[in-house]
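A.B. asks: Structure file input_4.tsv, TSV, C-alpha atoms and all ligand atoms, is pasted below:
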chain	number	residue	atom	x	y	z
S	662	MET	CA	-17.02	-4.28	75.52
S	663	ALA	CA	-17.68	-7.01	77.96
S	664	ALA	CA	-20.86	-7.19	79.95
S	665	PRO	CA	-21.05	-5.15	83.15
S	666	LEU	CA	-19.83	-6.91	86.25
S	667	LEU	CA	-22.51	-9.28	87.41
S	668	ILE	CA	-20.66	-11.55	89.76
S	669	GLY	CA	-23.03	-12.74	92.41
S	670	ALA	CA	-26.10	-11.82	90.39
S	671	PRO	CA	-28.39	-14.72	89.56
S	672	ALA	CA	-27.36	-15.95	86.13
S	673	ALA	CA	-30.90	-16.72	85.21
S	674	ALA	CA	-33.91	-15.10	86.77
S	675	ASN	CA	-36.39	-17.14	84.79
S	676	GLY	CA	-36.50	-20.33	86.87
S	677	SER	CA	-36.33	-22.56	83.77
S	678	PHE	CA	-32.57	-22.50	84.02
S	679	PRO	CA	-31.30	-24.32	87.08
S	680	SER	CA	-28.07	-23.16	88.65
S	681	THR	CA	-26.83	-26.73	88.81
S	682	GLU	CA	-27.76	-29.68	86.70
S	683	GLY	CA	-29.18	-32.62	88.57
S	684	ASN	CA	-28.70	-33.15	92.26
S	685	THR	CA	-24.96	-33.19	92.32
S	686	ASN	CA	-23.26	-32.17	95.51
S	687	THR	CA	-20.84	-29.51	94.32
S	688	ALA	CA	-19.87	-28.28	97.79
S	689	SER	CA	-16.35	-29.67	97.48
S	690	ILE	CA	-15.77	-28.28	93.99
S	691	LEU	CA	-13.50	-25.31	93.57
S	692	THR	CA	-15.37	-22.06	92.89
S	693	TYR	CA	-14.21	-19.11	90.81
S	694	ASP	CA	-13.42	-17.15	93.98
S	695	ASP	CA	-11.52	-20.13	95.43
S	696	THR	CA	-9.45	-20.24	92.24
S	697	ILE	CA	-8.52	-16.56	92.48
S	698	THR	CA	-7.68	-16.94	96.17
S	699	GLU	CA	-5.41	-19.91	95.44
S	700	LEU	CA	-3.72	-18.17	92.50
S	701	THR	CA	-3.06	-15.09	94.60
S	702	LYS	CA	-1.58	-17.23	97.35
S	703	LEU	CA	0.69	-19.08	94.91
S	704	GLU	CA	1.92	-15.83	93.38
S	705	LYS	CA	2.73	-14.48	96.83
S	706	ASN	CA	4.28	-17.54	98.46
S	707	SER	CA	6.02	-19.51	95.73
S	708	ARG	CA	9.76	-20.04	95.88
S	709	PHE	CA	10.09	-19.78	92.10
S	710	PRO	CA	8.28	-16.90	90.36
S	711	VAL	CA	4.59	-17.45	89.57
S	712	ASP	CA	2.98	-14.57	87.70
S	713	VAL	CA	-0.80	-14.29	87.96
S	714	PHE	CA	-2.69	-11.87	85.71
S	715	THR	CA	-6.00	-11.29	83.96
S	716	LEU	CA	-6.46	-11.07	80.21
S	717	GLU	CA	-7.35	-7.42	80.75
S	718	GLU	CA	-3.88	-6.97	82.22
S	719	ALA	CA	-2.40	-8.99	79.34
S	720	GLY	CA	-4.04	-6.49	76.98
S	721	THR	CA	-6.49	-8.52	74.92
S	722	ALA	CA	-9.28	-6.42	73.36
S	723	VAL	CA	-12.03	-8.71	74.70
S	724	ASN	CA	-11.02	-9.84	78.16
S	725	LYS	CA	-14.02	-10.79	80.32
S	726	SER	CA	-16.42	-13.71	80.41
S	727	GLU	CA	-19.96	-13.25	79.10
S	728	GLN	CA	-21.10	-12.37	82.63
S	729	GLY	CA	-18.20	-9.99	83.11
S	730	ARG	CA	-15.79	-12.15	85.12
S	731	ASP	CA	-12.06	-11.65	84.75
S	732	LEU	CA	-10.23	-14.43	82.89
S	733	TYR	CA	-7.08	-15.60	84.70
S	734	VAL	CA	-3.72	-16.89	83.53
S	735	ALA	CA	-0.73	-17.87	85.66
S	736	THR	CA	2.74	-18.35	84.23
S	737	VAL	CA	5.68	-20.22	85.72
S	738	GLY	CA	9.11	-21.00	84.29
S	739	ASN	CA	11.36	-18.83	82.17
S	740	GLY	CA	12.25	-21.17	79.33
S	741	PRO	CA	12.31	-20.17	75.67
S	742	GLU	CA	9.40	-22.42	74.63
S	743	ASP	CA	5.81	-21.69	75.64
S	744	VAL	CA	3.29	-24.29	76.76
S	745	TRP	CA	-0.47	-23.67	76.96
S	746	VAL	CA	-2.31	-25.66	79.65
S	747	GLN	CA	-6.06	-25.15	79.91
S	748	GLY	CA	-8.65	-26.59	82.27
S	749	ARG	CA	-12.36	-26.36	82.82
S	750	ILE	CA	-13.38	-25.11	79.38
S	751	HIS	CA	-16.41	-27.22	80.21
S	752	GLY	CA	-17.76	-25.76	83.43
S	753	ASN	CA	-19.09	-29.04	84.82
S	754	GLU	CA	-15.70	-30.78	84.46
S	755	PRO	CA	-14.02	-29.47	87.58
S	756	TYR	CA	-10.73	-31.25	88.20
S	757	GLY	CA	-8.86	-29.49	85.41
S	758	ALA	CA	-8.72	-26.40	87.60
S	759	GLU	CA	-7.61	-28.29	90.69
S	760	SER	CA	-5.02	-30.31	88.76
S	761	ILE	CA	-3.58	-27.15	87.25
S	762	LEU	CA	-3.40	-25.37	90.60
S	763	THR	CA	-1.65	-28.42	92.10
S	764	LEU	CA	0.95	-28.58	89.32
S	765	LEU	CA	1.40	-24.81	89.44
S	766	LYS	CA	2.11	-25.10	93.15
S	767	ASP	CA	4.63	-27.91	92.54
S	768	LEU	CA	6.39	-25.92	89.82
S	769	GLY	CA	6.43	-22.89	92.07
S	770	THR	CA	7.91	-24.68	95.06
S	771	ASN	CA	9.73	-27.91	94.12
S	772	GLY	CA	13.49	-27.41	93.83
S	773	SER	CA	14.29	-30.87	92.44
S	774	ALA	CA	16.20	-31.26	89.18
S	775	GLU	CA	13.14	-32.49	87.27
S	776	TYR	CA	11.07	-29.43	88.07
S	777	GLN	CA	14.03	-27.13	87.48
S	778	GLN	CA	14.48	-28.65	84.03
S	779	ILE	CA	10.82	-27.94	83.22
S	780	ARG	CA	11.12	-24.33	84.41
S	781	ASP	CA	14.33	-23.89	82.40
S	782	ALA	CA	12.84	-25.32	79.21
S	783	PHE	CA	9.41	-23.73	79.27
S	784	THR	CA	7.31	-20.74	80.12
S	785	ILE	CA	4.02	-22.42	80.99
S	786	HIS	CA	0.75	-20.52	80.64
S	787	PHE	CA	-1.78	-22.12	82.96
S	788	ILE	CA	-5.47	-21.35	82.46
S	789	PRO	CA	-7.13	-23.08	85.41
S	790	MET	CA	-10.69	-21.96	84.61
S	791	TYR	CA	-11.30	-21.15	80.94
S	792	ASN	CA	-15.06	-21.02	81.54
S	793	PRO	CA	-15.77	-19.30	84.88
S	794	ASP	CA	-19.46	-18.61	84.16
S	795	GLY	CA	-20.18	-22.24	83.27
S	796	SER	CA	-18.13	-23.35	86.27
S	797	GLU	CA	-20.24	-21.25	88.65
S	798	LEU	CA	-23.40	-22.65	87.05
S	799	ASN	CA	-21.95	-26.20	86.93
S	800	ILE	CA	-22.91	-26.47	83.26
S	801	ARG	CA	-20.80	-27.47	80.26
S	802	GLN	CA	-21.29	-24.26	78.28
S	803	THR	CA	-21.28	-20.55	78.87
S	804	VAL	CA	-24.44	-18.44	78.53
S	805	LEU	CA	-24.47	-15.46	76.15
S	806	TYR	CA	-25.18	-12.15	77.88
S	807	ASP	CA	-26.40	-8.87	76.41
S	808	ASP	CA	-23.77	-6.23	77.14
S	809	ALA	CA	-26.32	-3.43	77.08
S	810	THR	CA	-28.80	-4.89	79.58
S	811	GLY	CA	-26.56	-7.20	81.59
S	812	GLU	CA	-29.18	-9.91	81.10
S	813	PRO	CA	-28.98	-13.21	79.18
S	814	LEU	CA	-29.23	-12.62	75.44
S	815	LEU	CA	-32.39	-14.31	74.20
S	816	ASN	CA	-32.85	-15.84	70.76
S	817	ASP	CA	-35.93	-15.32	68.57
S	818	ALA	CA	-37.76	-17.99	70.52
S	819	GLY	CA	-37.06	-16.14	73.77
S	820	GLN	CA	-34.55	-18.72	75.00
S	821	GLN	CA	-31.15	-18.29	76.57
S	822	GLN	CA	-28.23	-19.30	74.38
S	823	ARG	CA	-25.67	-21.73	75.71
S	824	ILE	CA	-22.39	-21.93	73.83
S	825	ASP	CA	-19.99	-24.88	74.01
S	826	LEU	CA	-16.67	-23.01	74.18
S	827	ASN	CA	-14.90	-26.05	72.82
S	828	ARG	CA	-16.79	-25.77	69.52
S	829	ASP	CA	-16.43	-22.01	69.18
S	830	TRP	CA	-12.98	-21.43	67.66
S	831	VAL	CA	-14.38	-21.65	64.13
S	832	ALA	CA	-14.22	-18.97	61.42
S	833	ASP	CA	-17.99	-18.40	61.42
S	834	LYS	CA	-18.46	-18.69	65.18
S	835	PHE	CA	-16.57	-17.03	68.06
S	836	GLN	CA	-19.97	-16.37	69.58
S	837	ALA	CA	-18.74	-16.09	73.18
S	838	ASP	CA	-16.44	-13.43	74.61
S	839	GLU	CA	-14.33	-16.13	76.31
S	840	SER	CA	-13.43	-17.52	72.88
S	841	LEU	CA	-12.21	-14.24	71.43
S	842	ALA	CA	-10.37	-13.34	74.61
S	843	PHE	CA	-8.40	-16.57	74.85
S	844	TYR	CA	-7.89	-16.76	71.07
S	845	GLU	CA	-6.23	-13.33	71.10
S	846	TYR	CA	-4.08	-14.37	74.04
S	847	TRP	CA	-3.10	-17.52	72.10
S	848	THR	CA	-1.99	-15.35	69.15
S	849	MET	CA	0.12	-13.31	71.60
S	850	VAL	CA	1.76	-16.36	73.20
S	851	LYS	CA	2.15	-18.52	70.08
S	852	PRO	CA	2.75	-21.61	72.21
S	853	ASP	CA	4.91	-24.54	71.16
S	854	TYR	CA	2.75	-27.20	72.84
S	855	GLY	CA	-0.65	-27.48	74.48
S	856	ILE	CA	-2.46	-29.62	77.05
S	857	ASP	CA	-6.23	-29.61	77.63
S	858	ILE	CA	-8.00	-31.28	80.57
S	859	HIS	CA	-11.53	-32.74	80.46
S	860	HIS	CA	-13.82	-35.25	82.11
S	861	GLN	CA	-15.80	-38.11	80.65
S	862	GLY	CA	-18.34	-40.54	82.04
S	863	LEU	CA	-17.33	-43.84	83.58
S	864	LYS	CA	-16.13	-46.36	81.00
S	865	GLN	CA	-14.42	-49.74	80.68
S	866	GLN	CA	-11.18	-50.61	78.96
S	867	TYR	CA	-11.58	-52.51	75.70
S	868	GLY	CA	-10.44	-56.10	76.10
S	869	THR	CA	-10.13	-56.21	79.89
S	870	GLY	CA	-13.36	-54.56	81.03
S	871	ASP	CA	-11.41	-52.72	83.73
S	872	ASP	CA	-12.67	-49.30	84.77
S	873	VAL	CA	-10.75	-46.63	82.88
S	874	THR	CA	-9.48	-43.74	84.99
S	875	LEU	CA	-7.80	-41.72	82.23
S	876	SER	CA	-8.34	-41.56	78.48
S	877	LEU	CA	-5.67	-40.10	76.24
S	878	GLY	CA	-7.10	-38.04	73.41
S	879	ILE	CA	-6.12	-36.17	70.28
S	880	SER	CA	-8.92	-34.11	68.79
S	881	LEU	CA	-7.74	-34.62	65.22
S	882	ALA	CA	-7.21	-38.37	64.90
S	883	PRO	CA	-3.70	-39.64	64.23
S	884	GLY	CA	-3.70	-41.27	60.82
S	885	GLY	CA	-7.13	-39.75	60.23
S	886	PRO	CA	-8.46	-37.43	57.54
S	887	THR	CA	-6.81	-34.25	58.86
S	888	LEU	CA	-3.78	-34.58	61.15
S	889	PRO	CA	-1.39	-36.24	58.64
S	890	THR	CA	-1.94	-33.26	56.32
S	891	LEU	CA	-0.72	-30.70	58.90
S	892	GLN	CA	2.90	-29.50	59.08
S	893	GLY	CA	4.08	-32.26	56.77
S	894	GLY	CA	2.79	-34.88	59.21
S	895	ALA	CA	4.80	-33.52	62.14
S	896	TYR	CA	1.82	-33.28	64.52
S	897	ASP	CA	0.57	-36.73	63.49
S	898	LEU	CA	3.89	-38.05	64.75
S	899	LEU	CA	4.44	-35.78	67.74
S	900	THR	CA	0.99	-36.07	69.31
S	901	ARG	CA	1.27	-39.88	69.20
S	902	GLN	CA	4.70	-39.62	70.83
S	903	MET	CA	3.35	-37.25	73.50
S	904	HIS	CA	0.60	-39.66	74.52
S	905	GLY	CA	2.85	-42.67	73.98
S	906	PHE	CA	5.26	-41.19	76.52
S	907	VAL	CA	2.50	-40.43	79.02
S	908	PHE	CA	1.15	-43.98	78.60
S	909	GLN	CA	4.57	-45.52	79.28
S	910	GLU	CA	5.21	-43.31	82.30
S	911	LEU	CA	1.77	-43.61	83.92
S	912	SER	CA	1.62	-47.38	83.35
S	913	LYS	CA	4.01	-47.57	86.33
S	914	TYR	CA	1.19	-46.49	88.64
S	915	GLY	CA	-1.21	-49.26	89.60
S	916	TYR	CA	-4.18	-47.02	90.28
S	917	ILE	CA	-4.22	-45.51	86.78
S	918	THR	CA	-6.00	-47.44	84.03
S	919	MET	CA	-5.69	-45.83	80.62
S	920	ASP	CA	-7.10	-46.16	77.17
S	921	ARG	CA	-7.45	-44.04	74.06
S	922	TYR	CA	-10.29	-41.55	73.97
S	923	GLN	CA	-12.92	-42.87	71.57
S	924	VAL	CA	-16.59	-42.12	71.08
S	925	GLY	CA	-19.49	-44.36	70.14
S	926	GLY	CA	-17.49	-47.42	71.16
S	927	ASN	CA	-15.11	-47.55	68.21
S	928	LEU	CA	-14.79	-44.12	66.62
S	929	GLU	CA	-11.90	-41.70	66.72
S	930	ILE	CA	-12.82	-38.03	66.82
S	931	ASP	CA	-11.81	-35.60	64.10
S	932	ILE	CA	-13.29	-32.34	65.35
S	933	LYS	CA	-12.12	-29.14	63.70
S	934	GLY	CA	-14.09	-26.73	65.91
S	935	GLY	CA	-12.43	-27.69	69.18
S	936	VAL	CA	-10.08	-25.07	70.60
S	937	VAL	CA	-7.10	-27.38	70.53
S	938	SER	CA	-7.92	-28.51	66.97
S	939	ALA	CA	-8.00	-24.89	65.84
S	940	MET	CA	-4.57	-24.50	67.44
S	941	MET	CA	-3.23	-27.44	65.41
S	942	LEU	CA	-4.94	-26.14	62.25
S	943	GLY	CA	-3.37	-22.70	62.76
S	944	LEU	CA	-6.71	-20.91	62.52
S	945	ASP	CA	-6.38	-17.31	61.35
S	946	TYR	CA	-9.54	-15.59	62.62
S	947	GLN	CA	-10.07	-12.08	61.27
S	948	GLY	CA	-6.40	-11.68	60.44
S	949	MET	CA	-5.29	-12.07	64.07
S	950	ASN	CA	-2.94	-14.98	63.25
S	951	PRO	CA	-1.43	-13.76	59.96
S	952	THR	CA	1.62	-16.03	60.20
S	953	GLY	CA	-0.60	-19.08	60.61
S	954	HIS	CA	0.98	-20.09	63.90
S	955	SER	CA	-0.02	-23.58	65.02
S	956	ASN	CA	1.00	-25.99	67.77
S	957	PRO	CA	0.38	-29.63	68.69
S	958	VAL	CA	-1.98	-30.35	71.59
S	959	VAL	CA	-3.15	-33.42	73.43
S	960	PHE	CA	-6.00	-33.78	75.88
S	961	PHE	CA	-6.69	-35.85	78.99
S	962	GLU	CA	-10.14	-37.15	79.89
S	963	THR	CA	-10.56	-38.09	83.52
S	964	SER	CA	-13.32	-40.62	84.17
S	965	GLY	CA	-16.01	-39.53	86.56
S	966	ASN	CA	-17.63	-36.15	86.68
S	967	THR	CA	-19.79	-34.12	89.00
S	968	SER	CA	-22.73	-35.60	87.11
S	969	ASP	CA	-21.60	-39.08	88.18
S	970	GLY	CA	-22.51	-38.11	91.73
S	971	SER	CA	-20.80	-39.86	94.62
S	972	LEU	CA	-18.99	-42.27	92.29
S	973	GLY	CA	-17.21	-39.40	90.59
S	974	GLN	CA	-16.62	-37.50	93.83
S	975	LYS	CA	-15.09	-40.51	95.53
S	976	ALA	CA	-12.25	-40.64	93.03
S	977	ARG	CA	-11.53	-36.92	93.28
S	978	GLY	CA	-8.08	-37.15	94.89
S	979	LYS	CA	-6.83	-39.81	92.49
S	980	SER	CA	-8.34	-38.02	89.51
S	981	ILE	CA	-6.44	-34.88	90.36
S	982	GLN	CA	-3.27	-36.81	91.13
S	983	GLN	CA	-3.27	-38.68	87.80
S	984	ASN	CA	-3.80	-35.46	85.86
S	985	VAL	CA	-0.92	-33.81	87.69
S	986	LEU	CA	1.28	-36.82	86.97
S	987	ALA	CA	0.26	-36.88	83.32
S	988	MET	CA	1.00	-33.18	82.83
S	989	LYS	CA	4.27	-33.27	84.76
S	990	SER	CA	5.48	-36.38	82.92
S	991	LEU	CA	4.66	-34.86	79.55
S	992	LEU	CA	6.38	-31.55	80.35
S	993	SER	CA	9.41	-33.39	81.70
S	994	GLY	CA	9.58	-35.67	78.66
S	995	LEU	CA	9.32	-32.73	76.29
S	996	ALA	CA	12.01	-30.85	78.22
S	997	THR	CA	14.43	-33.78	78.00
S	998	ASP	CA	13.48	-34.70	74.40
S	999	GLU	CA	12.50	-38.19	75.62
S	1000	VAL	CA	9.07	-37.65	74.06
S	1001	GLN	CA	10.58	-37.08	70.65
S	1002	GLN	CA	12.39	-40.42	70.94
S	1003	VAL	CA	9.27	-42.47	71.66
S	1004	ASP	CA	8.26	-44.93	68.96
S	1005	PRO	CA	4.99	-43.44	67.64
S	1006	GLU	CA	3.68	-46.99	67.32
S	1007	VAL	CA	3.21	-46.99	71.11
S	1008	TRP	CA	-0.03	-45.17	70.25
S	1009	GLU	CA	-1.29	-48.54	68.95
S	1010	GLU	CA	-0.40	-50.23	72.26
S	1011	ILE	CA	-2.70	-47.92	74.24
S	1012	PRO	CA	-5.88	-49.98	74.75
S	1013	HIS	CA	-8.61	-49.07	72.27
S	1014	ALA	CA	-11.40	-50.66	70.29
S	1015	PRO	CA	-10.61	-51.48	66.66
S	1016	VAL	CA	-11.29	-48.22	64.84
S	1017	ALA	CA	-14.36	-48.27	62.61
S	1018	GLY	CA	-14.13	-44.66	61.52
S	1019	TYR	CA	-14.09	-41.02	62.46
S	1020	SER	CA	-16.71	-38.90	64.13
S	1021	THR	CA	-16.35	-35.42	62.63
S	1022	ASP	CA	-17.96	-32.01	62.99
S	1023	TYR	CA	-17.58	-31.24	59.28
S	1024	ALA	CA	-18.62	-34.38	57.37
S	1025	GLY	CA	-20.47	-36.58	59.88
S	1026	PHE	CA	-19.16	-40.13	60.03
S	1027	ILE	CA	-16.16	-41.00	57.86
S	1028	PRO	CA	-15.33	-44.72	57.58
S	1029	VAL	CA	-11.79	-45.78	58.40
S	1030	SER	CA	-10.95	-46.44	54.75
S	1031	PHE	CA	-11.70	-42.90	53.65
S	1101	ZN	ZN	-14.90	-31.49	78.23
Would you give me this structure, written as structure tokens?

C.D. replies:
Amino acid sequence: MAAPLLIGAPAAANGSFPSTEGNTNTASILTYDDTITELTKLEKNSRFPVDVFTLEEAGTAVNKSEQGRDLYVATVGNGPEDVWVQGRIHGNEPYGAESILTLLKDLGTNGSAEYQQIRDAFTIHFIPMYNPDGSELNIRQTVLYDDATGEPLLNDAGQQQRIDLNRDWVADKFQADESLAFYEYWTMVKPDYGIDIHHQGLKQQYGTGDDVTLSLGISLAPGGPTLPTLQGGAYDLLTRQMHGFVFQELSKYGYITMDRYQVGGNLEIDIKGGVVSAMMLGLDYQGMNPTGHSNPVVFFETSGNTSDGSLGQKARGKSIQQNVLAMKSLLSGLATDEVQQVDPEVWEEIPHAPVAGYSTDYAGFIPVSF
């Protein structure tokens, strides 16, 4: 059972847990209620069918956030292949939700051939706000709640427990209700492709020093310790083609400066606990994915966050616009098979620091010549 409905209740009564981090002005950021309002409007007014539902309505056993909020999905398109698009798994990374709502609106209203081709090829499952509790608190994680008391679940030291939902799809974890709920929905959908939207701090492009607006990421590094071993190397190829296509398409727009997502200056990530990594690994948690379904996923990291204050806020419109373009281009390229024709070596052309190794969540640092 999920926690009793606590929407509107203070998430933390004990003052040590601020409702927002820092002094960020979050007035212009989409709230949970705003998201529901917008989804409802799109379902009602769209020219092409948009279906909005909760995971409770979809029939997952666990179907509410830790604080008891409904978890929303909206589908558009009636194609044979399914695409999973998730935003705001990290509550303080807001534009994923807004980008998804913008693209959902476009797909629900735009009658042009390009959008029709996307709707004909795919059924797209949009999750605008994977982490509603964290979004309302403007924090990265969710907070575990005690179902019985409706209060935060305290650990032995009497502290609240914050869970990073993007490290929780792991066999010995699934600590948060949101993780189980969306994992079960994933096993129901068995998507063919996935897209995940995040934010990062401000950074500069290797070589030019230009401010990066969008980093292209794959959570299991191409050519790294893990990805080449999956599906006979198919995802190692396809994820590089997916981002290679996005890079080629978005390079036409002067306001977008891209690079590859790296950490620590020159490390690729190879993180098995991330939701989208678990999708690529075909995680079978408690026998819920007995066929070992898996799918390739890429992620986008927009530069500038609510924690970057006015600097991040200033770029809001462009940040949303570039995410919408990136998602639409990728969906279009997959629908036309243009993605599958991209030379995977384009991945090497995307600006990045020479790779020194891999930052992992299972073996620490692994040098590049592993
Ligand atoms: Zn994130």

A.B. asks: What box, with edges along x, y and z, holds each listed atom of range 686-701 of chain S when 4 Å is added on every side, and can you state its centre and edge lengths in Å to one decimal, as lines of an AutoDock Vina configuration file?

C.D. replies:
center_x = -13.2
center_y = -23.6
center_z = 94.3
size_x = 28.2
size_y = 25.1
size_z = 15.0

A.B. asks: Please, which residues have at least one atom within 12 Å of an atom of ligand ZN 1101 (chain S), using all atoms listed in the file, listed as a VMD selection string?

C.D. replies: chain S and resid 747 to 757 791 to 792 795 to 796 800 to 802 825 to 828 857 to 862 878 880 922 935 to 937 960 to 966

A.B. asks: Hey, which bits of range 853-882 of chain S sit within 8 Å of range 942-956 of chain S, and for each residue what's the closest pair of atoms and how far apart in Å (one decimal), counting only C-alpha atoms, rows by chain and increasing number, as CSV?

C.D. replies:
residue,atom,partner,partner_atom,distance
S:Asp853,CA,S:Asn956,CA,5.4
S:Tyr854,CA,S:Asn956,CA,5.5
S:Gly855,CA,S:Asn956,CA,7.1

A.B. asks: For CA of Met919 in chain S and CA of Leu768 in chain S, quote the distance in Å rounded to one decimal.

C.D. replies: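 That distance, rounded to one decimal, is 25.0 Å.
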
A.B. asks: Taking (-5.7, -22.3, 86.0) in the coordinates of the supplied file, I want to know which residues reach to within 10 Å of it, counting all atoms listed in the file; could you give the answer as a PyMOL selection string?

C.D. replies: chain S and resi 696-697+699-700+713+732-736+746-749+757-765+786-791

A.B. asks: Closest to Asp731 in chain S among S:Gly905, S:Pro793, S:Gly885, S:Gly772, using only C-alpha atoms?

C.D. replies: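 Ranking S:Gly905, S:Pro793, S:Gly885, S:Gly772 by distance to Asp731 in chain S, first place goes to S:Pro793.
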
A.B. asks: Taking into account only C-alpha atoms, which residue in the set S:Glu999, S:Glu839, S:Glu717, S:Glu775 is nearest to Val907 in chain S?

C.D. replies: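 Residue with the minimum atom-to-atom distance to Val907 in chain S: S:Glu999.
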
A.B. asks: Set the distance at 10 Å and use all atoms listed in the file: which residues neighbour range 740-742 of chain S once local chain neighbours fewer than 2 positions away are removed? I'd like the list as a PDB file with C-alpha atoms, in the frame of the given file.

C.D. replies:
ATOM      1  CA  VAL S 737       5.680 -20.220  85.720  1.00  0.00           C
ATOM      2  CA  GLY S 738       9.110 -21.000  84.290  1.00  0.00           C
ATOM      3  CA  VAL S 744       3.290 -24.290  76.760  1.00  0.00           C
ATOM      4  CA  GLN S 778      14.480 -28.650  84.030  1.00  0.00           C
ATOM      5  CA  ILE S 779      10.820 -27.940  83.220  1.00  0.00           C
ATOM      6  CA  ARG S 780      11.120 -24.330  84.410  1.00  0.00           C
ATOM      7  CA  ASP S 781      14.330 -23.890  82.400  1.00  0.00           C
ATOM      8  CA  ALA S 782      12.840 -25.320  79.210  1.00  0.00           C
ATOM      9  CA  PHE S 783       9.410 -23.730  79.270  1.00  0.00           C
ATOM     10  CA  THR S 784       7.310 -20.740  80.120  1.00  0.00           C
ATOM     11  CA  ILE S 785       4.020 -22.420  80.990  1.00  0.00           C
ATOM     12  CA  VAL S 850       1.760 -16.360  73.200  1.00  0.00           C
ATOM     13  CA  LYS S 851       2.150 -18.520  70.080  1.00  0.00           C
ATOM     14  CA  PRO S 852       2.750 -21.610  72.210  1.00  0.00           C
ATOM     15  CA  ASP S 853       4.910 -24.540  71.160  1.00  0.00           C
ATOM     16  CA  TYR S 854       2.750 -27.200  72.840  1.00  0.00           C
ATOM     17  CA  ALA S 996      12.010 -30.850  78.220  1.00  0.00           C
TER      18      ALA S 996
END

A.B. asks: Could you give me, as a list in words, the residues within 9 Å of Asp1004 in chain S, counting only C-alpha atoms and dropping anything in the same chain fewer than 6 positions from it?

C.D. replies: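 These residues fall inside the cut-off: Arg901, Gln902, Gly905 and Phe906 of chain S.
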
A.B. asks: Nearest to Leu798 in chain S among S:Gln923, S:Ser1020, S:Ser938, S:Thr692, with distances taken over only C-alpha atoms: which residue is it?

C.D. replies: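 Closest residue, counting only C-alpha atoms: S:Thr692.
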
A.B. asks: Can you measure CA of Trp745 in chain S to CA of Lys989 in chain S for me? One decimal in Å is fine.

C.D. replies: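 Between CA of Trp745 in chain S and CA of Lys989 in chain S the gap is 13.2 Å.
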
A.B. asks: What is the distance, in Å and to one decimal place, between CA of Tyr1019 in chain S and CA of Leu881 in chain S?

C.D. replies: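 So the two atoms, CA of Tyr1019 in chain S and CA of Leu881 in chain S, lie 9.4 Å apart.
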
A.B. asks: Using all atoms listed in the file, find all polymer residues with an atom at most 10 Å away from the point (-1.3, -38.1, 87.4); report them as a PyMOL selection string.

C.D. replies: chain S and resi 760+764+875+907+910-911+914+916-917+979-990

A.B. asks: Excluding Lys766 in chain S and residues on its chain fewer than 6 positions from it, collect all residues at most 9 Å away from it, counting only C-alpha atoms, and give them as a list in words.

C.D. replies: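 Neighbouring residues, sequence-local ones excluded: Leu703, Ser707 and Val711 of chain S.
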
A.B. asks: Write out as a PyMOL selection string each polymer residue whose atoms come within 8 Å of range 834-838 of chain S, counting only C-alpha atoms; drop sequence neighbours fewer than 6 positions from it.

C.D. replies: chain S and resi 663+723-727+803+805+824+826

A.B. asks: Write out as an mmCIF file with C-alpha atoms, in the frame of the given file the residues lying within 8 Å of Thr900 in chain S, counting all atoms listed in the file and excluding same-chain residues fewer than 2 positions away.

C.D. replies:
data_model
loop_
_atom_site.group_PDB
_atom_site.id
_atom_site.type_symbol
_atom_site.label_atom_id
_atom_site.label_comp_id
_atom_site.auth_asym_id
_atom_site.auth_seq_id
_atom_site.Cartn_x
_atom_site.Cartn_y
_atom_site.Cartn_z
ATOM 1 C CA ILE S 879 -6.120 -36.170 70.280
ATOM 2 C CA PRO S 883 -3.700 -39.640 64.230
ATOM 3 C CA TYR S 896 1.820 -33.280 64.520
ATOM 4 C CA ASP S 897 0.570 -36.730 63.490
ATOM 5 C CA LEU S 898 3.890 -38.050 64.750
ATOM 6 C CA GLN S 902 4.700 -39.620 70.830
ATOM 7 C CA MET S 903 3.350 -37.250 73.500
ATOM 8 C CA HIS S 904 0.600 -39.660 74.520
ATOM 9 C CA PRO S 957 0.380 -29.630 68.690
ATOM 10 C CA VAL S 958 -1.980 -30.350 71.590
ATOM 11 C CA VAL S 959 -3.150 -33.420 73.430
#
